[in-house]
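This is input_6.txt. It holds compact mmCIF, C-alpha atoms (C1' of nucleotides).
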```txt
# COMPACT_ATOMS: atom_id res chain seq x y z
CA MET R 1 -39.02 -24.75 -20.33
CA ALA R 2 -37.89 -25.95 -16.90
CA ALA R 3 -40.99 -28.13 -16.54
CA LEU R 4 -39.73 -30.40 -19.25
CA ARG R 5 -36.70 -31.22 -17.15
CA ASP R 6 -38.87 -32.14 -14.22
CA PRO R 7 -41.66 -34.60 -15.04
CA ALA R 8 -43.46 -33.97 -11.75
CA GLU R 9 -43.70 -30.26 -12.47
CA HIS R 10 -44.80 -31.00 -15.99
CA LEU R 11 -47.61 -33.16 -14.72
CA ALA R 12 -48.59 -30.46 -12.24
CA LEU R 13 -48.79 -28.02 -15.11
CA ALA R 14 -51.14 -30.31 -17.01
CA LEU R 15 -53.40 -30.60 -13.98
CA THR R 16 -53.37 -26.83 -13.72
CA GLN R 17 -54.63 -26.56 -17.28
CA GLY R 18 -57.53 -28.69 -16.20
CA GLY R 19 -58.47 -26.10 -13.63
CA MET R 20 -56.62 -27.30 -10.56
CA GLN R 21 -54.91 -24.81 -8.27
CA ARG R 22 -51.18 -24.68 -8.87
CA MET R 23 -50.03 -25.67 -5.40
CA THR R 24 -52.71 -28.32 -5.19
CA ALA R 25 -51.49 -29.76 -8.45
CA ARG R 26 -47.90 -29.81 -7.22
CA VAL R 27 -48.92 -31.62 -4.07
CA LEU R 28 -50.80 -34.22 -6.07
CA ALA R 29 -47.81 -34.66 -8.36
CA ALA R 30 -45.55 -35.15 -5.36
CA LEU R 31 -47.80 -37.95 -4.13
CA LEU R 32 -47.71 -39.54 -7.56
CA PHE R 33 -43.97 -39.36 -8.04
CA THR R 34 -42.75 -40.41 -4.63
CA GLU R 35 -41.16 -43.83 -4.25
CA GLN R 36 -42.68 -44.08 -0.79
CA ASP R 37 -46.15 -45.46 -0.26
CA THR R 38 -47.33 -42.39 1.62
CA LEU R 39 -46.12 -38.87 2.41
CA THR R 40 -46.73 -36.58 5.37
CA ALA R 41 -47.61 -32.91 5.12
CA GLY R 42 -44.20 -32.08 6.49
CA GLU R 43 -42.41 -34.11 3.83
CA ILE R 44 -44.39 -32.40 1.10
CA THR R 45 -43.78 -28.95 2.55
CA GLU R 46 -40.09 -29.62 2.56
CA SER R 47 -39.74 -31.21 -0.85
CA LEU R 48 -41.76 -28.54 -2.65
CA THR R 49 -40.50 -25.62 -0.57
CA ILE R 50 -43.94 -24.12 -0.12
CA SER R 51 -45.75 -22.92 2.97
CA SER R 52 -47.37 -25.36 5.33
CA GLY R 53 -50.59 -23.43 4.84
CA SER R 54 -50.64 -24.17 1.15
CA VAL R 55 -49.98 -27.83 1.76
CA SER R 56 -52.73 -28.05 4.33
CA THR R 57 -55.25 -26.40 2.00
CA ALA R 58 -54.20 -28.60 -0.89
CA LEU R 59 -54.45 -31.83 1.09
CA LYS R 60 -57.85 -30.85 2.37
CA SER R 61 -59.15 -30.12 -1.07
CA LEU R 62 -57.65 -33.24 -2.66
CA THR R 63 -59.09 -35.38 0.09
CA SER R 64 -62.53 -33.86 -0.23
CA VAL R 65 -62.76 -34.65 -3.93
CA GLY R 66 -61.47 -38.16 -3.36
CA LEU R 67 -58.17 -37.98 -5.20
CA ILE R 68 -56.07 -38.82 -2.17
CA GLU R 69 -56.75 -40.42 1.19
CA LYS R 70 -55.54 -40.24 4.74
CA VAL R 71 -53.76 -43.37 5.84
CA PRO R 72 -53.78 -44.31 9.49
CA ALA R 73 -50.16 -44.36 10.60
CA PRO R 74 -49.58 -46.18 13.84
CA GLY R 75 -46.66 -44.89 15.80
CA SER R 76 -46.61 -41.50 14.15
CA ARG R 77 -48.27 -38.32 15.22
CA ARG R 78 -48.45 -37.04 11.72
CA GLU R 79 -51.08 -37.67 9.10
CA HIS R 80 -50.00 -39.80 6.18
CA PHE R 81 -51.48 -39.31 2.72
CA ARG R 82 -51.58 -41.49 -0.32
CA PHE R 83 -52.73 -41.19 -3.91
CA ARG R 84 -55.98 -43.05 -4.10
CA GLU R 85 -56.77 -46.14 -6.10
CA GLY R 86 -59.05 -45.28 -9.01
CA ALA R 87 -58.51 -41.57 -8.52
CA TRP R 88 -58.41 -40.78 -12.22
CA ALA R 89 -61.89 -42.05 -12.77
CA THR R 90 -62.95 -39.92 -9.82
CA LEU R 91 -61.36 -36.84 -11.32
CA MET R 92 -63.18 -37.49 -14.57
CA SER R 93 -66.48 -37.80 -12.77
CA GLU R 94 -65.83 -34.51 -11.03
CA GLN R 95 -65.41 -32.87 -14.37
CA ASN R 96 -68.68 -34.32 -15.56
CA GLN R 97 -70.44 -32.03 -13.17
CA LEU R 98 -69.76 -29.38 -15.72
CA VAL R 99 -71.72 -31.36 -18.27
CA LYS R 100 -74.65 -31.26 -15.93
CA VAL R 101 -74.32 -27.52 -15.43
CA MET R 102 -74.28 -26.99 -19.18
CA ARG R 103 -77.36 -29.09 -19.70
CA GLU R 104 -79.20 -27.20 -17.00
CA ALA R 105 -78.15 -23.85 -18.41
CA ALA R 106 -79.57 -24.91 -21.77
CA GLU R 107 -82.79 -26.09 -20.18
CA GLN R 108 -83.19 -22.83 -18.37
CA GLY R 109 -82.63 -20.93 -21.59
CA ILE R 110 -85.32 -22.93 -23.33
CA THR R 111 -87.75 -22.21 -20.54
CA ALA R 112 -87.09 -18.52 -21.01
CA THR R 113 -87.19 -18.37 -24.80
CA GLY R 114 -89.72 -21.07 -25.61
CA GLU R 115 -89.12 -24.25 -27.59
CA ASP R 116 -90.10 -22.82 -30.93
CA SER R 117 -88.15 -19.62 -31.08
CA VAL R 118 -84.93 -19.35 -33.06
CA ALA R 119 -82.90 -19.28 -29.85
CA GLY R 120 -84.99 -22.08 -28.43
CA ARG R 121 -84.00 -24.35 -31.27
CA ARG R 122 -80.30 -23.56 -30.85
CA LEU R 123 -80.57 -24.24 -27.14
CA GLY R 124 -82.46 -27.45 -27.82
CA GLU R 125 -79.50 -28.77 -29.75
CA MET R 126 -77.24 -27.83 -26.89
CA ARG R 127 -79.47 -29.54 -24.36
CA ASP R 128 -79.62 -32.71 -26.43
CA PHE R 129 -75.85 -32.84 -26.74
CA TYR R 130 -75.14 -32.45 -23.05
CA ASP R 131 -77.94 -34.81 -22.25
CA TYR R 132 -76.23 -37.40 -24.38
CA LEU R 133 -72.90 -36.87 -22.63
CA TRP R 134 -74.54 -36.96 -19.26
CA ARG R 135 -75.92 -40.40 -20.07
CA GLU R 136 -72.90 -41.82 -21.88
CA LEU R 137 -69.91 -40.63 -19.89
CA PRO R 138 -70.68 -42.55 -16.71
CA ALA R 139 -71.12 -45.66 -18.84
CA LEU R 140 -67.72 -45.07 -20.40
CA ILE R 141 -66.09 -44.83 -16.99
CA ASP R 142 -67.88 -47.95 -15.83
CA ARG R 143 -66.55 -49.87 -18.78
CA TRP R 144 -63.06 -48.78 -17.79
CA LYS R 145 -63.54 -49.94 -14.25
CA ALA R 146 -64.92 -53.25 -15.47
CA GLN R 147 -62.04 -54.06 -17.78
CA ARG R 148 -59.45 -53.63 -15.01
CA MET Z 1 -77.85 -14.44 -7.77
CA ALA Z 2 -78.55 -12.14 -10.67
CA ALA Z 3 -77.43 -14.76 -13.17
CA LEU Z 4 -80.47 -16.85 -12.37
CA ARG Z 5 -82.71 -14.06 -13.58
CA ASP Z 6 -80.89 -13.89 -16.86
CA PRO Z 7 -80.47 -17.25 -18.60
CA ALA Z 8 -77.89 -15.90 -21.03
CA GLU Z 9 -75.66 -14.74 -18.20
CA HIS Z 10 -76.17 -18.03 -16.45
CA LEU Z 11 -75.01 -19.91 -19.50
CA ALA Z 12 -72.02 -17.61 -19.80
CA LEU Z 13 -71.13 -18.43 -16.22
CA ALA Z 14 -71.23 -22.15 -16.97
CA LEU Z 15 -68.91 -21.67 -19.94
CA THR Z 16 -66.60 -19.70 -17.68
CA GLN Z 17 -66.40 -22.63 -15.30
CA GLY Z 18 -65.23 -24.68 -18.23
CA GLY Z 19 -62.29 -22.33 -18.67
CA MET Z 20 -63.62 -19.79 -21.15
CA GLN Z 21 -62.83 -16.11 -20.73
CA ARG Z 22 -65.74 -14.23 -19.21
CA MET Z 23 -66.32 -11.76 -22.01
CA THR Z 24 -65.81 -14.46 -24.59
CA ALA Z 25 -68.45 -16.55 -22.85
CA ARG Z 26 -70.86 -13.64 -22.79
CA VAL Z 27 -70.38 -13.05 -26.49
CA LEU Z 28 -71.03 -16.71 -27.24
CA ALA Z 29 -74.14 -16.62 -25.08
CA ALA Z 30 -75.37 -13.55 -26.93
CA LEU Z 31 -75.05 -15.41 -30.22
CA LEU Z 32 -76.95 -18.35 -28.75
CA PHE Z 33 -79.78 -16.35 -27.30
CA THR Z 34 -80.47 -13.92 -30.09
CA GLU Z 35 -83.63 -14.33 -32.13
CA GLN Z 36 -81.75 -13.13 -35.19
CA ASP Z 37 -79.81 -15.49 -37.38
CA THR Z 38 -76.59 -13.51 -37.07
CA LEU Z 39 -75.20 -10.61 -35.05
CA THR Z 40 -72.61 -7.97 -35.87
CA ALA Z 41 -69.79 -6.93 -33.57
CA GLY Z 42 -71.55 -3.60 -33.09
CA GLU Z 43 -74.80 -5.23 -32.00
CA ILE Z 44 -72.96 -7.36 -29.48
CA THR Z 45 -70.98 -4.43 -28.14
CA GLU Z 46 -74.17 -2.55 -27.60
CA SER Z 47 -76.25 -5.30 -26.06
CA LEU Z 48 -73.60 -6.41 -23.60
CA THR Z 49 -72.24 -2.91 -22.88
CA ILE Z 50 -68.63 -3.96 -23.16
CA SER Z 51 -65.76 -2.48 -25.08
CA SER Z 52 -65.39 -3.04 -28.79
CA GLY Z 53 -61.92 -4.37 -28.06
CA SER Z 54 -63.27 -7.16 -25.91
CA VAL Z 55 -65.81 -8.09 -28.55
CA SER Z 56 -63.19 -8.15 -31.25
CA THR Z 57 -60.90 -10.38 -29.21
CA ALA Z 58 -63.76 -12.68 -28.26
CA LEU Z 59 -64.99 -13.08 -31.83
CA LYS Z 60 -61.49 -13.79 -33.04
CA SER Z 61 -60.96 -16.47 -30.45
CA LEU Z 62 -64.38 -18.10 -30.90
CA THR Z 63 -63.87 -18.17 -34.64
CA SER Z 64 -60.44 -19.70 -34.36
CA VAL Z 65 -61.68 -22.63 -32.27
CA GLY Z 66 -64.62 -23.16 -34.59
CA LEU Z 67 -67.49 -22.30 -32.26
CA ILE Z 68 -68.81 -19.47 -34.42
CA GLU Z 69 -68.38 -18.46 -38.02
CA LYS Z 70 -68.29 -15.35 -40.14
CA VAL Z 71 -71.23 -15.06 -42.45
CA PRO Z 72 -70.86 -13.15 -45.69
CA ALA Z 73 -73.35 -10.30 -45.54
CA PRO Z 74 -74.05 -8.69 -48.85
CA GLY Z 75 -74.98 -5.06 -48.64
CA SER Z 76 -73.41 -4.52 -45.27
CA ARG Z 77 -69.97 -3.30 -44.45
CA ARG Z 78 -69.95 -5.08 -41.14
CA GLU Z 79 -69.00 -8.65 -40.40
CA HIS Z 80 -71.85 -10.92 -39.39
CA PHE Z 81 -71.31 -13.81 -36.98
CA ARG Z 82 -73.32 -16.88 -36.24
CA PHE Z 83 -73.20 -19.76 -33.79
CA ARG Z 84 -71.88 -22.71 -35.71
CA GLU Z 85 -73.67 -25.93 -36.48
CA GLY Z 86 -72.15 -28.77 -34.45
CA ALA Z 87 -70.22 -26.37 -32.26
CA TRP Z 88 -70.80 -28.34 -29.08
CA ALA Z 89 -69.04 -31.37 -30.42
CA THR Z 90 -66.20 -29.09 -31.44
CA LEU Z 91 -65.97 -27.65 -27.96
CA MET Z 92 -65.83 -31.15 -26.54
CA SER Z 93 -63.04 -32.12 -28.90
CA GLU Z 94 -61.10 -29.06 -27.84
CA GLN Z 95 -61.31 -30.18 -24.27
CA ASN Z 96 -60.01 -33.60 -25.22
CA GLN Z 97 -56.67 -32.04 -25.91
CA LEU Z 98 -56.26 -32.05 -22.18
CA VAL Z 99 -56.64 -35.81 -22.15
CA LYS Z 100 -53.74 -36.01 -24.53
CA VAL Z 101 -51.62 -33.73 -22.38
CA MET Z 102 -52.34 -35.86 -19.33
CA ARG Z 103 -51.40 -39.04 -21.11
CA GLU Z 104 -48.15 -37.52 -22.31
CA ALA Z 105 -47.31 -36.22 -18.85
CA ALA Z 106 -47.76 -39.74 -17.49
CA GLU Z 107 -45.62 -41.22 -20.24
CA GLN Z 108 -42.88 -38.73 -19.53
CA GLY Z 109 -43.04 -39.58 -15.84
CA ILE Z 110 -42.65 -43.26 -16.58
CA THR Z 111 -39.65 -42.58 -18.73
CA ALA Z 112 -38.06 -40.74 -15.84
CA THR Z 113 -38.92 -43.16 -13.04
CA GLY Z 114 -38.81 -46.47 -14.85
CA GLU Z 115 -41.70 -48.89 -15.36
CA ASP Z 116 -41.02 -50.96 -12.28
CA SER Z 117 -40.63 -48.36 -9.60
CA VAL Z 118 -43.42 -47.55 -7.17
CA ALA Z 119 -44.07 -44.25 -8.90
CA GLY Z 120 -43.76 -45.93 -12.29
CA ARG Z 121 -46.62 -48.24 -11.45
CA ARG Z 122 -48.85 -45.36 -10.30
CA LEU Z 123 -48.05 -43.47 -13.46
CA GLY Z 124 -48.73 -46.57 -15.52
CA GLU Z 125 -52.27 -46.64 -14.25
CA MET Z 126 -52.65 -43.00 -15.11
CA ARG Z 127 -51.29 -43.52 -18.59
CA ASP Z 128 -53.63 -46.44 -19.22
CA PHE Z 129 -56.66 -44.44 -18.12
CA TYR Z 130 -55.97 -41.45 -20.31
CA ASP Z 131 -55.04 -43.74 -23.14
CA TYR Z 132 -58.47 -45.30 -22.86
CA LEU Z 133 -60.21 -41.93 -22.89
CA TRP Z 134 -58.12 -40.78 -25.80
CA ARG Z 135 -59.35 -43.77 -27.80
CA GLU Z 136 -62.96 -43.78 -26.64
CA LEU Z 137 -63.98 -40.14 -26.49
CA PRO Z 138 -63.72 -39.43 -30.22
CA ALA Z 139 -65.82 -42.54 -30.83
CA LEU Z 140 -68.44 -41.23 -28.43
CA ILE Z 141 -68.64 -37.95 -30.28
CA ASP Z 142 -68.84 -39.73 -33.60
CA ARG Z 143 -71.78 -41.76 -32.38
CA TRP Z 144 -73.51 -38.52 -31.46
CA LYS Z 145 -72.91 -37.06 -34.88
CA ALA Z 146 -74.17 -40.25 -36.51
CA GLN Z 147 -77.43 -40.41 -34.62
CA ARG Z 148 -78.42 -36.88 -35.64
C1' DT D 1 -53.48 -32.86 32.40
C1' DC D 2 -49.38 -30.74 30.30
C1' DG D 3 -46.53 -29.51 26.57
C1' DA D 4 -44.25 -30.39 22.23
C1' DA D 5 -45.31 -31.38 17.63
C1' DT D 6 -48.27 -30.73 14.05
C1' DC D 7 -52.14 -28.85 11.58
C1' DT D 8 -55.60 -25.26 10.20
C1' DT D 9 -57.17 -20.83 9.17
C1' DC D 10 -57.18 -16.40 7.22
C1' DA D 11 -55.71 -11.48 6.43
C1' DG D 12 -53.26 -9.22 3.35
C1' DA D 13 -49.05 -8.94 0.11
C1' DG D 14 -47.99 -10.13 -4.31
C1' DA D 15 -48.70 -12.12 -8.80
C1' DT D 16 -51.65 -12.81 -12.54
C1' DT D 17 -55.42 -12.18 -15.50
C1' DT D 18 -58.83 -9.50 -17.66
C1' DC D 19 -60.90 -5.48 -19.62
C1' DT D 20 -60.99 -1.01 -21.43
C1' DG D 21 -60.06 2.88 -24.32
C1' DA D 22 -57.92 5.00 -27.78
C1' DA D 23 -54.69 5.08 -31.60
C1' DG D 24 -53.96 3.17 -35.82
C1' DA D 25 -55.24 -0.14 -39.61
C1' DT D 26 -58.55 -1.70 -42.79
C1' DT D 27 -62.47 -1.83 -45.69
C1' DC D 28 -65.65 -0.43 -49.09
C1' DG D 29 -69.08 2.74 -51.24
C1' DG D 30 -69.04 6.53 -53.95
C1' DC L 1 -58.62 7.32 -54.55
C1' DC L 2 -61.01 9.51 -50.54
C1' DG L 3 -63.26 9.35 -46.30
C1' DA L 4 -66.56 7.45 -43.11
C1' DA L 5 -67.48 3.31 -40.83
C1' DT L 6 -65.70 -0.49 -38.70
C1' DC L 7 -62.27 -3.47 -36.78
C1' DT L 8 -57.82 -4.68 -34.42
C1' DT L 9 -54.21 -4.15 -31.30
C1' DC L 10 -52.06 -3.28 -27.08
C1' DA L 11 -50.46 -0.58 -22.92
C1' DG L 12 -51.81 -0.07 -18.63
C1' DA L 13 -55.80 0.31 -15.10
C1' DA L 14 -58.67 -2.56 -12.52
C1' DA L 15 -60.26 -6.74 -10.77
C1' DT L 16 -59.23 -11.27 -9.32
C1' DC L 17 -56.81 -15.06 -7.66
C1' DT L 18 -53.07 -17.29 -5.11
C1' DC L 19 -49.71 -17.91 -1.61
C1' DT L 20 -47.49 -16.97 2.55
C1' DG L 21 -46.71 -16.47 7.37
C1' DA L 22 -48.04 -16.41 11.75
C1' DA L 23 -51.48 -16.91 15.35
C1' DG L 24 -54.33 -20.10 17.29
C1' DA L 25 -56.33 -24.88 17.49
C1' DT L 26 -55.61 -29.68 17.93
C1' DT L 27 -53.52 -34.00 18.93
C1' DC L 28 -51.24 -37.41 21.52
C1' DG L 29 -47.48 -39.32 24.40
C1' DA L 30 -45.96 -39.18 28.92
```

Take the structure in this file and express it as structure tokens.
Amino acid sequence: MAALRDPAEHLALALTQGGMQRMTARVLAALLFTEQDTLTAGEITESLTISSGSVSTALKSLTSVGLIEKVPAPGSRREHFRFREGAWATLMSEQNQLVKVMREAAEQGITATGEDSVAGRRLGEMRDFYDYLWRELPALIDRWKAQR
Amino acid sequence: MAALRDPAEHLALALTQGGMQRMTARVLAALLFTEQDTLTAGEITESLTISSGSVSTALKSLTSVGLIEKVPAPGSRREHFRFREGAWATLMSEQNQLVKVMREAAEQGITATGEDSVAGRRLGEMRDFYDYLWRELPALIDRWKAQR
DNA sequence: TCGAATCTTCAGAGATTTCTGAAGATTCGG
DNA sequence: CCGAATCTTCAGAAATCTCTGAAGATTCGA
């Protein structure tokens, strides 16, 4: 596989498996692997050989979820971007939204079937599990932040 | 949205967001929401109005990851399936594979860039984070299992 | 304020994924 | 061992998602 020859592409692939858009993942990987402190949209466009449109969309989306940040660049007309401190914890928290969705789906199911039905009991187990994660995962991330 | 009227479909949608195939998610939801203890492939095919091929593929895949199980059904020629005890913890563990992939991608990046480069330091942070999760998440799940 | 450089948006081409349907394999009662 | 019931597989149709390219918007120095 070509990705194994290129660690940045390999990392992008892993991010893709986690649900990230392919071009977005490649842009993030570029920001991780550069030896510069920041990169401009133009530099990314050139180094990945993808359209400026894709880069723009990717940067917008990565910024909005807090994985990267715009860096004021005096003396340059272009926007500079940088991988953000603590971004991994942010990404993890993003993914915890899914835990919330699962818990709510279970809750809704219980409302529909009733607590004491066969299905209601199955869904109760599900709700309890995601409830537990919803409480414990943020604590886990906090412990990480603390020990840094 | 129609899904909000039908809790089973809503749950299937949530599973889909987590990366599960749509028909596979619907089959799993059917097994969760039924008032029976088990369902046959035929019953699922009928209640979801999807092709028998999709049901067969879905059941195969759900069985292989341990979310459901075949139940021996004396006196019936058909296979019976049931949502599996502790399946949610299993699903969670599945998803932790991604943590491992991320850690390895970081490690590989460090090997390529060197520990002391700018990129190497960024990747070091990434590696440490996923390393932490890789150690702590199984413990979190174990605590859940213990407290049941 | 003007204009060059840069960025954003979005329609549609292209790539990918998903589902179906039907042919063939399997299973089990008789 | 036969045959009806059931299950599996897979080619290709259909649906979906992704990326590009170019038109228009924006920004900032002069």

d(atom C1' of L:DA15, atom CA of Z:Gly18) in Å: 20.1 Å

Residues of chain D within 9 Å of chain R, counting all atoms listed in the file, as number ranges by chain: D: 5-9

C-alpha atoms (C1' of nucleotides) of the current selection, written as a PDB file, in the frame of the given file:
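result_14.pdb was written with the following content:
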```pdb
ATOM      1  C1'  DA D   5     -45.310 -31.380  17.630  1.00  0.00           C
ATOM      2  C1'  DT D   6     -48.270 -30.730  14.050  1.00  0.00           C
ATOM      3  C1'  DC D   7     -52.140 -28.850  11.580  1.00  0.00           C
ATOM      4  C1'  DT D   8     -55.600 -25.260  10.200  1.00  0.00           C
ATOM      5  C1'  DT D   9     -57.170 -20.830   9.170  1.00  0.00           C
TER       6       DT D   9
END
```

Chain R contacts on chain L, only C-alpha atoms (C1' of nucleotides), 10 Å, as JSON, numbers by chain: {"L": [17, 18, 19, 20, 21, 27, 28, 29]}

Could you dump the residues just selected with C-alpha atoms (C1' of nucleotides) as a compact mmCIF listing (two decimals), in the coordinates of the input?
```txt
# COMPACT_ATOMS: atom_id res chain seq x y z
C1' DC L 17 -56.81 -15.06 -7.66
C1' DT L 18 -53.07 -17.29 -5.11
C1' DC L 19 -49.71 -17.91 -1.61
C1' DT L 20 -47.49 -16.97 2.55
C1' DG L 21 -46.71 -16.47 7.37
C1' DT L 27 -53.52 -34.00 18.93
C1' DC L 28 -51.24 -37.41 21.52
C1' DG L 29 -47.48 -39.32 24.40
```

Chain Z residues near chain R (8 Å cut-off, all atoms listed in the file) as a PyMOL selection string: chain Z and resi 7-8+10-11+14-15+17-19+32-37+88-89+98+101-102+105-106+108-109+112+117-120+122-123+126+129+132+136+140+144

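Excluding R:Val71 itself and same-chain residues fewer than 3 positions from it, the residues having an atom within 10 Å of it are Asp37, Thr38, Leu39, Thr40, Ile68, Pro74, Glu79, His80, Phe81 and Arg82 of chain R, counting all atoms listed in the file.
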
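Across Z:Val65, Z:Glu43, Z:Leu48, Z:Val55, the tightest approach to L:DC7 is made by Z:Val55 when counting all atoms listed in the file.
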
Computed interatomic separation between atom C1' of D:DT26 and atom CA of Z:Ser47 (Å): 24.6 Å

Atomic separation - atom C1' of D:DT16 relative to atom CA of Z:Thr49, Å: 25.1 Å

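Comparing Z:Asp116, Z:Asp131, Z:Asn96, Z:Leu28 by their smallest distance to Z:Thr63, the closest is Z:Leu28 (using all atoms listed in the file).
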